[in-house]
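J.: Sharing my_file-v5.txt, compact mmCIF, C-alpha atoms and all ligand atoms:
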```
# COMPACT_ATOMS: atom_id res chain seq x y z
CA MET A 1 8.54 -17.02 29.70
CA ILE A 2 8.78 -15.91 26.06
CA ASN A 3 5.63 -14.97 24.23
CA ARG A 4 5.92 -16.71 20.83
CA VAL A 5 5.36 -14.45 17.84
CA SER A 6 4.82 -15.54 14.25
CA MET A 7 5.40 -13.31 11.23
CA LYS A 8 4.11 -13.16 7.66
CA GLN A 9 6.92 -10.92 6.39
CA PHE A 10 10.02 -9.15 7.67
CA ILE A 11 10.84 -5.94 5.89
CA SER A 12 11.01 -3.37 8.70
CA VAL A 13 11.06 -2.94 12.47
CA ARG A 14 7.25 -2.89 12.44
CA ASP A 15 7.17 -6.59 11.54
CA ILE A 16 9.16 -7.72 14.58
CA GLY A 17 6.67 -6.42 17.15
CA ASP A 18 7.84 -5.94 20.73
CA LEU A 19 11.60 -5.38 20.67
CA LYS A 20 12.23 -6.70 24.16
CA ALA A 21 10.48 -9.96 23.30
CA ALA A 22 12.54 -10.20 20.10
CA VAL A 23 15.82 -9.63 21.96
CA ASP A 24 14.81 -12.15 24.66
CA GLU A 25 14.08 -14.67 21.92
CA ALA A 26 17.46 -13.94 20.32
CA MET A 27 19.25 -14.51 23.64
CA GLU A 28 17.37 -17.78 24.09
CA MET A 29 18.31 -18.78 20.53
CA LYS A 30 21.94 -18.01 21.23
CA LYS A 31 21.99 -20.55 24.06
CA ASP A 32 20.78 -23.32 21.74
CA ARG A 33 20.58 -22.35 18.08
CA PHE A 34 19.43 -25.86 17.08
CA LYS A 35 16.50 -25.97 19.51
CA TYR A 36 13.97 -25.59 16.67
CA VAL A 37 15.70 -27.85 14.14
CA GLU A 38 12.47 -29.78 13.53
CA LEU A 39 10.48 -26.63 12.70
CA GLY A 40 11.92 -26.29 9.20
CA ARG A 41 11.87 -29.95 8.20
CA ASN A 42 10.81 -30.27 4.53
CA LYS A 43 10.56 -26.48 4.24
CA THR A 44 12.62 -24.66 1.62
CA LEU A 45 14.16 -21.22 1.83
CA LEU A 46 14.88 -19.48 -1.48
CA MET A 47 17.47 -16.70 -1.24
CA ILE A 48 17.46 -14.29 -4.19
CA PHE A 49 20.44 -11.98 -4.64
CA PHE A 50 20.36 -9.07 -7.06
CA ASN A 51 23.52 -7.77 -5.33
CA SER A 52 26.65 -9.21 -3.74
CA SER A 53 26.86 -10.39 -0.15
CA LEU A 54 29.14 -12.20 2.27
CA ARG A 55 27.51 -11.93 5.73
CA THR A 56 23.86 -12.02 4.70
CA ARG A 57 24.39 -14.98 2.40
CA LEU A 58 26.31 -17.07 4.93
CA SER A 59 24.44 -16.11 8.11
CA THR A 60 20.97 -16.55 6.61
CA GLN A 61 21.91 -19.89 5.08
CA LYS A 62 23.34 -21.01 8.43
CA ALA A 63 20.18 -19.82 10.19
CA ALA A 64 18.05 -21.90 7.82
CA TYR A 65 20.19 -24.97 8.56
CA ASN A 66 19.81 -24.29 12.30
CA LEU A 67 16.07 -24.65 11.73
CA GLY A 68 16.39 -27.78 9.59
CA MET A 69 15.41 -26.07 6.33
CA ASN A 70 16.53 -26.78 2.78
CA VAL A 71 18.13 -23.81 1.05
CA ILE A 72 18.27 -22.70 -2.59
CA VAL A 73 20.40 -19.66 -3.48
CA LEU A 74 19.97 -17.80 -6.76
CA ASP A 75 22.28 -15.01 -7.89
CA ILE A 76 20.22 -13.18 -10.46
CA ASN A 77 23.28 -11.81 -12.24
CA GLN A 78 25.17 -15.11 -12.34
CA GLY A 79 23.47 -18.01 -14.06
CA ALA A 80 19.86 -16.77 -14.16
CA TRP A 81 18.22 -15.14 -17.14
CA LYS A 82 18.61 -11.40 -17.13
CA LEU A 83 15.37 -9.99 -15.76
CA GLU A 84 13.33 -7.06 -16.98
CA THR A 85 11.84 -5.27 -14.00
CA GLU A 86 9.81 -2.48 -15.67
CA ARG A 87 6.24 -3.14 -16.71
CA GLY A 88 5.23 -2.04 -20.22
CA VAL A 89 8.72 -2.38 -21.72
CA VAL A 90 9.01 -3.87 -25.23
CA MET A 91 11.40 -6.68 -24.42
CA ASP A 92 13.58 -6.52 -27.53
CA GLY A 93 16.82 -6.02 -25.57
CA ASP A 94 19.15 -8.31 -23.65
CA LYS A 95 16.62 -9.35 -20.96
CA PRO A 96 14.69 -12.50 -21.97
CA GLU A 97 12.52 -12.86 -18.84
CA HIS A 98 10.25 -10.53 -16.93
CA LEU A 99 10.23 -10.36 -13.15
CA LEU A 100 6.43 -10.70 -13.24
CA GLU A 101 6.73 -14.29 -14.52
CA ALA A 102 9.97 -15.08 -12.71
CA ILE A 103 8.64 -14.20 -9.25
CA PRO A 104 5.59 -16.51 -9.19
CA VAL A 105 7.75 -19.27 -10.70
CA MET A 106 10.28 -18.82 -7.88
CA GLY A 107 7.40 -18.98 -5.42
CA CYS A 108 6.50 -22.46 -6.73
CA TYR A 109 9.76 -23.94 -5.47
CA CYS A 110 9.92 -22.70 -1.89
CA ASP A 111 8.09 -21.86 1.32
CA ILE A 112 9.86 -18.61 2.25
CA ILE A 113 11.75 -16.11 0.06
CA GLY A 114 14.58 -13.77 1.07
CA VAL A 115 15.42 -10.93 -1.32
CA ARG A 116 18.47 -8.68 -1.58
CA SER A 117 17.88 -5.75 -3.90
CA PHE A 118 19.80 -2.50 -3.37
CA ALA A 119 18.83 1.02 -4.33
CA ARG A 120 19.77 1.78 -7.93
CA PHE A 121 20.09 5.56 -7.55
CA GLU A 122 18.33 6.08 -10.90
CA SER A 123 15.14 7.38 -9.28
CA ARG A 124 14.48 8.13 -5.61
CA ASP A 125 10.80 7.25 -6.06
CA TYR A 126 11.65 3.87 -7.60
CA ASP A 127 14.05 3.09 -4.75
CA TYR A 128 11.91 4.44 -1.90
CA ASN A 129 8.80 2.66 -3.20
CA GLU A 130 10.77 -0.58 -2.78
CA THR A 131 9.66 -1.56 -6.27
CA ILE A 132 11.51 -4.89 -6.47
CA LEU A 133 10.81 -6.09 -2.92
CA ASN A 134 7.13 -5.18 -3.19
CA GLN A 135 6.77 -7.17 -6.40
CA PHE A 136 8.06 -10.24 -4.57
CA ILE A 137 5.58 -9.61 -1.76
CA ARG A 138 2.74 -9.16 -4.23
CA TYR A 139 3.43 -11.90 -6.78
CA SER A 140 5.36 -14.72 -5.07
CA GLY A 141 2.50 -16.01 -2.92
CA LYS A 142 5.06 -16.74 -0.18
CA PRO A 143 6.27 -14.93 2.96
CA VAL A 144 9.07 -12.55 1.98
CA PHE A 145 11.85 -11.12 4.09
CA SER A 146 14.40 -8.47 3.27
CA MET A 147 18.07 -9.41 3.03
CA GLU A 148 18.71 -5.67 2.45
CA ALA A 149 16.40 -3.78 0.17
CA ALA A 150 16.57 -0.27 -1.24
CA THR A 151 15.64 1.54 1.97
CA ARG A 152 16.18 -0.86 4.88
CA HIS A 153 18.38 -3.70 6.16
CA PRO A 154 16.35 -5.08 9.06
CA LEU A 155 18.32 -8.32 9.59
CA GLN A 156 21.39 -6.13 10.14
CA SER A 157 19.56 -3.73 12.46
CA PHE A 158 18.18 -6.58 14.55
CA ALA A 159 21.71 -8.00 14.91
CA ASP A 160 22.95 -4.50 15.84
CA LEU A 161 20.29 -4.23 18.54
CA ILE A 162 21.16 -7.66 19.94
CA THR A 163 24.83 -6.62 20.04
CA ILE A 164 24.14 -3.36 21.86
CA GLU A 165 21.94 -5.19 24.37
CA GLU A 166 24.80 -7.63 25.02
CA TYR A 167 27.47 -4.96 25.50
CA LYS A 168 25.63 -2.07 27.14
CA THR A 169 26.46 -1.32 30.77
CA LYS A 170 23.60 1.08 31.46
CA PRO A 171 19.88 0.85 30.66
CA ARG A 172 19.90 3.83 28.33
CA PRO A 173 23.23 4.02 26.45
CA LYS A 174 24.17 6.89 24.16
CA VAL A 175 24.36 5.52 20.62
CA VAL A 176 25.85 7.72 17.90
CA MET A 177 25.54 6.93 14.20
CA THR A 178 28.16 8.78 12.21
CA TRP A 179 28.57 9.31 8.48
CA ALA A 180 32.12 8.60 7.24
CA PRO A 181 33.69 9.03 3.80
CA HIS A 182 33.70 6.40 1.06
CA PRO A 183 34.93 6.45 -2.54
CA ARG A 184 31.60 5.21 -3.97
CA PRO A 185 28.01 6.32 -3.38
CA LEU A 186 26.33 3.85 -1.02
CA PRO A 187 22.59 3.37 -0.37
CA GLN A 188 20.89 4.69 2.75
CA ALA A 189 19.42 1.29 3.67
CA VAL A 190 21.70 0.55 6.64
CA PRO A 191 21.56 4.03 8.24
CA ASN A 192 17.80 4.33 7.61
CA SER A 193 17.19 0.97 9.16
CA PHE A 194 19.55 1.49 12.10
CA ALA A 195 17.81 4.80 12.84
CA GLU A 196 14.41 3.15 12.63
CA TRP A 197 15.42 0.44 15.11
CA MET A 198 17.22 2.81 17.48
CA ASN A 199 14.20 5.11 17.50
CA ALA A 200 12.11 2.13 18.58
CA THR A 201 14.27 1.77 21.71
CA ASP A 202 14.59 4.18 24.62
CA TYR A 203 18.33 4.72 24.01
CA GLU A 204 19.75 8.21 23.59
CA PHE A 205 20.26 8.24 19.82
CA VAL A 206 22.26 10.85 17.90
CA ILE A 207 23.01 11.06 14.17
CA THR A 208 25.99 13.05 12.93
CA HIS A 209 26.91 13.86 9.34
CA PRO A 210 28.11 16.76 7.20
CA ARG A 211 25.41 19.16 6.01
CA GLY A 212 23.75 17.84 2.85
CA TYR A 213 23.67 14.22 4.07
CA GLU A 214 20.30 14.51 5.83
CA LEU A 215 18.44 11.21 5.75
CA ASP A 216 14.76 10.79 4.97
CA PRO A 217 12.94 12.43 7.92
CA ARG A 218 10.67 9.37 8.17
CA PHE A 219 13.71 7.41 9.35
CA VAL A 220 15.38 10.17 11.38
CA GLY A 221 12.25 10.50 13.50
CA ASP A 222 12.97 12.09 16.86
CA ALA A 223 16.72 11.37 16.76
CA LYS A 224 18.99 14.31 17.53
CA VAL A 225 20.99 15.44 14.48
CA GLU A 226 24.34 17.04 15.35
CA TYR A 227 26.51 18.40 12.53
CA ASP A 228 29.62 18.67 14.72
CA GLN A 229 31.00 15.13 14.83
CA MET A 230 33.26 15.70 17.86
CA LYS A 231 30.36 17.16 19.82
CA ALA A 232 28.16 14.21 18.85
CA PHE A 233 30.79 11.73 20.03
CA GLU A 234 31.11 13.26 23.51
CA GLY A 235 30.12 10.70 26.14
CA ALA A 236 28.95 8.15 23.57
CA ASP A 237 28.75 4.49 24.63
CA PHE A 238 28.47 3.10 21.08
CA ILE A 239 29.74 4.54 17.79
CA TYR A 240 28.03 3.16 14.69
CA ALA A 241 29.88 4.27 11.57
CA LYS A 242 28.46 4.11 8.05
CA ASN A 243 28.74 5.89 4.76
CA TRP A 244 25.70 6.87 2.76
CA ALA A 245 25.12 8.95 -0.35
CA ALA A 246 22.95 12.06 -0.26
CA TYR A 247 19.19 11.55 0.04
CA MET A 248 17.83 15.07 -0.32
CA GLY A 249 16.49 16.63 -3.54
CA ASP A 250 18.49 16.61 -6.77
CA ASN A 251 21.54 15.36 -4.87
CA TYR A 252 19.94 11.92 -4.39
CA GLY A 253 22.62 9.25 -4.78
CA GLN A 254 25.48 11.76 -5.01
CA ILE A 255 28.76 12.03 -3.09
CA LEU A 256 28.90 15.52 -1.57
CA SER A 257 31.94 15.16 0.66
CA ARG A 258 35.16 13.16 0.78
CA ASP A 259 36.29 14.84 3.99
CA ARG A 260 38.66 12.40 5.69
CA SER A 261 38.41 14.32 8.96
CA TRP A 262 35.16 12.34 9.40
CA THR A 263 37.06 9.02 9.32
CA VAL A 264 36.63 7.52 12.80
CA ASP A 265 40.02 7.43 14.51
CA SER A 266 41.43 7.68 18.03
CA ARG A 267 40.90 11.47 18.04
CA GLN A 268 37.10 11.11 17.92
CA MET A 269 37.02 7.98 20.09
CA SER A 270 38.96 9.80 22.84
CA VAL A 271 35.97 12.02 23.70
CA THR A 272 33.55 9.09 24.01
CA ASN A 273 32.71 7.13 27.14
CA ASN A 274 35.22 4.47 26.04
CA ALA A 275 32.69 3.64 23.34
CA TYR A 276 32.37 0.39 21.50
CA PHE A 277 32.90 0.70 17.74
CA MET A 278 30.35 -0.89 15.41
CA HIS A 279 30.01 -1.23 11.62
CA CYS A 280 27.84 -3.58 9.59
CA LEU A 281 30.79 -4.57 7.31
CA PRO A 282 32.20 -4.67 4.71
CA VAL A 283 34.20 -1.64 5.77
CA ARG A 284 36.84 0.38 3.96
CA ARG A 285 39.68 0.80 6.45
CA ASN A 286 41.16 4.26 6.79
CA MET A 287 38.20 5.70 4.89
CA ILE A 288 35.40 4.83 7.33
CA VAL A 289 37.55 3.83 10.31
CA ALA A 290 41.24 3.89 11.18
CA ASP A 291 43.09 0.60 11.62
CA GLU A 292 43.74 1.34 15.29
CA VAL A 293 40.03 1.68 16.06
CA ILE A 294 38.72 -1.35 14.17
CA GLU A 295 41.56 -3.48 15.52
CA GLY A 296 41.28 -2.00 19.01
CA PRO A 297 39.83 -3.62 22.15
CA ARG A 298 36.53 -1.71 21.88
CA SER A 299 35.78 -2.83 18.32
CA ILE A 300 32.84 -5.25 18.31
CA VAL A 301 32.40 -5.61 14.56
CA ILE A 302 33.01 -9.38 14.64
CA PRO A 303 30.48 -10.21 17.42
CA GLU A 304 28.11 -7.87 15.60
CA ALA A 305 28.53 -9.89 12.39
CA ALA A 306 28.19 -13.14 14.37
CA ASN A 307 24.82 -11.94 15.62
CA ARG A 308 23.58 -11.91 12.04
CA GLU A 309 23.12 -15.68 12.39
CA ILE A 310 21.02 -15.12 15.50
CA SER A 311 18.82 -12.38 14.05
CA ALA A 312 18.24 -14.49 10.92
CA THR A 313 17.43 -17.60 12.98
CA VAL A 314 14.81 -15.72 15.02
CA VAL A 315 13.28 -14.17 11.90
CA LEU A 316 13.14 -17.46 9.97
CA LYS A 317 11.71 -19.24 13.00
CA ARG A 318 8.94 -16.68 13.26
CA LEU A 319 8.25 -16.89 9.52
CA LEU A 320 8.08 -20.70 9.77
CA GLU A 321 5.64 -20.37 12.66
CA GLY A 322 3.64 -17.97 10.48
CA LEU A 323 3.22 -20.69 7.82
CA LYS A 324 1.06 -22.63 10.24
CA GLY A 325 -1.59 -19.99 10.83
N1 LIG B 401 26.40 -6.36 6.50
C1 LIG B 401 26.02 -7.07 5.44
O1 LIG B 401 24.82 -7.14 5.08
O2 LIG B 401 27.05 -7.69 4.79
P1 LIG B 401 26.94 -8.35 3.35
O3 LIG B 401 26.68 -7.22 2.37
O4 LIG B 401 28.29 -8.99 3.12
O5 LIG B 401 25.84 -9.33 3.33
```
Using structure tokens, write down the structure that the file contains.

T.:
Amino acid sequence: MINRVSMKQFISVRDIGDLKAAVDEAMEMKKDRFKYVELGRNKTLLMIFFNSSLRTRLSTQKAAYNLGMNVIVLDINQGAWKLETERGVVMDGDKPEHLLEAIPVMGCYCDIIGVRSFARFESRDYDYNETILNQFIRYSGKPVFSMEAATRHPLQSFADLITIEEYKTKPRPKVVMTWAPHPRPLPQAVPNSFAEWMNATDYEFVITHPRGYELDPRFVGDAKVEYDQMKAFEGADFIYAKNWAAYMGDNYGQILSRDRSWTVDSRQMSVTNNAYFMHCLPVRRNMIVADEVIEGPRSIVIPEAANREISATVVLKRLLEGLKG
């Protein structure tokens, strides 16, 4: 028997409540993803993208259709007015509309709002205060969920958890999140969020990265940090690869290493417990992961991406149930 949970927002692991109940609900949803198709009748989801997306856009839209919702998608940088986001600015530049008017207007046309807004790497405080996402929460008047914000990507992490639960062969698998090189500086949202969700489980969770790539300690929590990647991989059941730019101090948003010895290939995978390979995608082949690993029999990146539809369906269902109360 599943204990039904409603939600008013979904921006972090805290909003999902009991993880076991959430995973059970996801498994139930997977058996019949149209079971709640009446729940979203005459309800409208507005998806706001400040940044590009393939998986989040498609899976969240599909999830909304599973629940019978109408969907509006707005790409802020394609077809909308350019938006000023700073308060107090004299708006004599190229941005004709302020977010503080745009957000409540957007709220007029929908019942639930999803927002994708990445870290900008101009200011760590601006990014880590989740300035854009919090303005939507404050001014839209509607339940808001993150479709990847500056510091977290909870829809991805929920799908990752569902995937691990499906593939694990022991109650407490060893899950290793590894940094890997990338030609561009990437936000910490995915690794932060993955760490936050893994720390909420009872898995053995290890983070490995070159020195200088320490994540915000609030996300690292009690995870073990191992700077020797080969040592970290020993006996692992799941390898979760991701690049991120530096978080600490004046190096915030910088690339500190391009060391291709951190690229996940058969050398590292050989010391694991025949680990499954995971990545949120998109992935740069032969930077993050070698062809032979991502194409190999233990790569579960496609089922992981498929579970994005399931995590989004559960989250939207709970947000729809939250509209009632
Ligand atoms: N993993 C993920 O969020 O993919 P997109 O950036 O394509 O949405």

J.: Using all atoms listed in the file, find the one residue out of A:Trp179, A:Phe238, A:Tyr65, A:Phe49 that sits nearest to ligand LIG 401 (chain B).

T.: A:Phe49

J.: To one decimal place in Å, what is the distance between atom CA of Arg285 of chain A and atom CA of Met269 of chain A?

T.: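 Between these atoms lies a distance of 15.6 Å.
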
J.: Give me the residues near Lys174 of chain A as a list in words, where near means some atom within 10 Å (using all atoms listed in the file) and where sequence neighbours in that chain fewer than 4 positions away do not count.

T.: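 Final neighbour list, sorted by chain and number: Lys168, Lys170, Asp202, Tyr203, Glu204, Phe205, Val206, Ala232, Phe233, Glu234, Gly235, Ala236, Asp237, Phe238, Ile239, Thr272, Asn273 and Ala275 of chain A.
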
J.: Which residue out of A:Phe158, A:Phe50, A:Tyr109, A:Tyr247 has the minimum interatomic distance to Ala80 of chain A when only C-alpha atoms are used?

T.: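 Among A:Phe158, A:Phe50, A:Tyr109, A:Tyr247, it is A:Phe50 that comes nearest to Ala80 of chain A.
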
J.: For Tyr276 of chain A, please output as number ranges by chain all residues within 12 Å (counting all atoms listed in the file; exclusion window: fewer than 6 positions along the same chain).

T.: A: 163-164, 166-169, 173-177, 233, 235-241, 269-270, 293-304

J.: Rounded to one decimal in Å, what is the spacing between atom CA of Gly107 of chain A and atom CA of Cys280 of chain A?

T.: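 Taking atom CA of Gly107 of chain A and atom CA of Cys280 of chain A, their separation equals 29.7 Å.
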
J.: Using only C-alpha atoms, determine which residues lie at most 12 Å from segment 86-88 of chain A, disregarding the query and same-chain residues fewer than 2 positions distant; provide the list as a ChimeraX atom specification.

T.: /A:83-84,90-92,95,97-101,126,131-132,135

J.: For ligand LIG 401 (chain B), I'd like the enclosing box, axis-aligned and padded by 4 Å on every side, reported as AutoDock Vina command-line options with centre and edge lengths in Å to one decimal.

T.:
```
--center_x 26.6 --center_y -7.8 --center_z 4.4 --size_x 11.5 --size_y 11.0 --size_z 12.1
```

J.: Which residues are near ligand LIG 401 (chain B) - at most 7 Å, using all atoms listed in the file? Format: as a PyMOL selection string.

T.: chain A and resi 52-57+148+156+280-282

J.: I need the residue nearest Glu226 of chain A from this list: A:Asn274, A:Thr178, A:Ser193, A:Ser261. Use only C-alpha atoms for the distance.

T.: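 Ranked by minimum distance to Glu226 of chain A, first place goes to A:Thr178.
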
J.: So what do you get for atom CA of Ala63 of chain A versus atom CA of Gly40 of chain A, distance-wise?

T.: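 Interatomic distance, atom CA of Ala63 of chain A to atom CA of Gly40 of chain A: 10.5 Å.
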
J.: Place a sphere of radius 8 Å on (24.7, -2.5, 8.2) in the file coordinates and name every protein, DNA or RNA residue with an atom inside or on its surface, counting only C-alpha atoms; give the answer as number ranges by chain.

T.: A: 153, 156-157, 189-191, 194, 242, 279-281

J.: Point out the residue among A:Ser6, A:Thr201, A:Asn42, A:Ser257 with the least atom-to-atom distance to His182 of chain A, counting all atoms listed in the file.

T.: A:Ser257

J.: Using all atoms listed in the file, which of A:Arg116, A:Lys43, A:Lys20, A:Arg218 sits nearest Leu320 of chain A?

T.: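 Going through A:Arg116, A:Lys43, A:Lys20, A:Arg218 one by one, the smallest distance to Leu320 of chain A is for A:Lys43.
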
J.: Between A:Ala306, A:Leu316, A:Leu323, A:Met7, which has the minimum distance to Met69 of chain A (counting all atoms listed in the file)?

T.: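 Nearest candidate to Met69 of chain A out of A:Ala306, A:Leu316, A:Leu323, A:Met7: A:Leu316.
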
J.: Counting all atoms listed in the file, which residues have an atom no more than 12 Å from (22.2, 22.4, 3.0) in the file's coordinates? Please list them as a ChimeraX atom specification.

T.: /A:209-214,227,246-251,256

J.: Would you kindly return, as a ChimeraX atom specification, each protein, DNA or RNA residue with an atom no farther than 8 Å from any atom of Met147 of chain A, considering only C-alpha atoms and excluding same-chain residues fewer than 2 positions away?

T.: /A:56,114-117,145,149,153-155

J.: Name the residues in contact with Ala180 of chain A at a cut-off of 6 Å, using all atoms listed in the file, excluding same-chain residues fewer than 2 positions from it; report them as a ChimeraX atom specification.

T.: /A:242-243,262-263,288
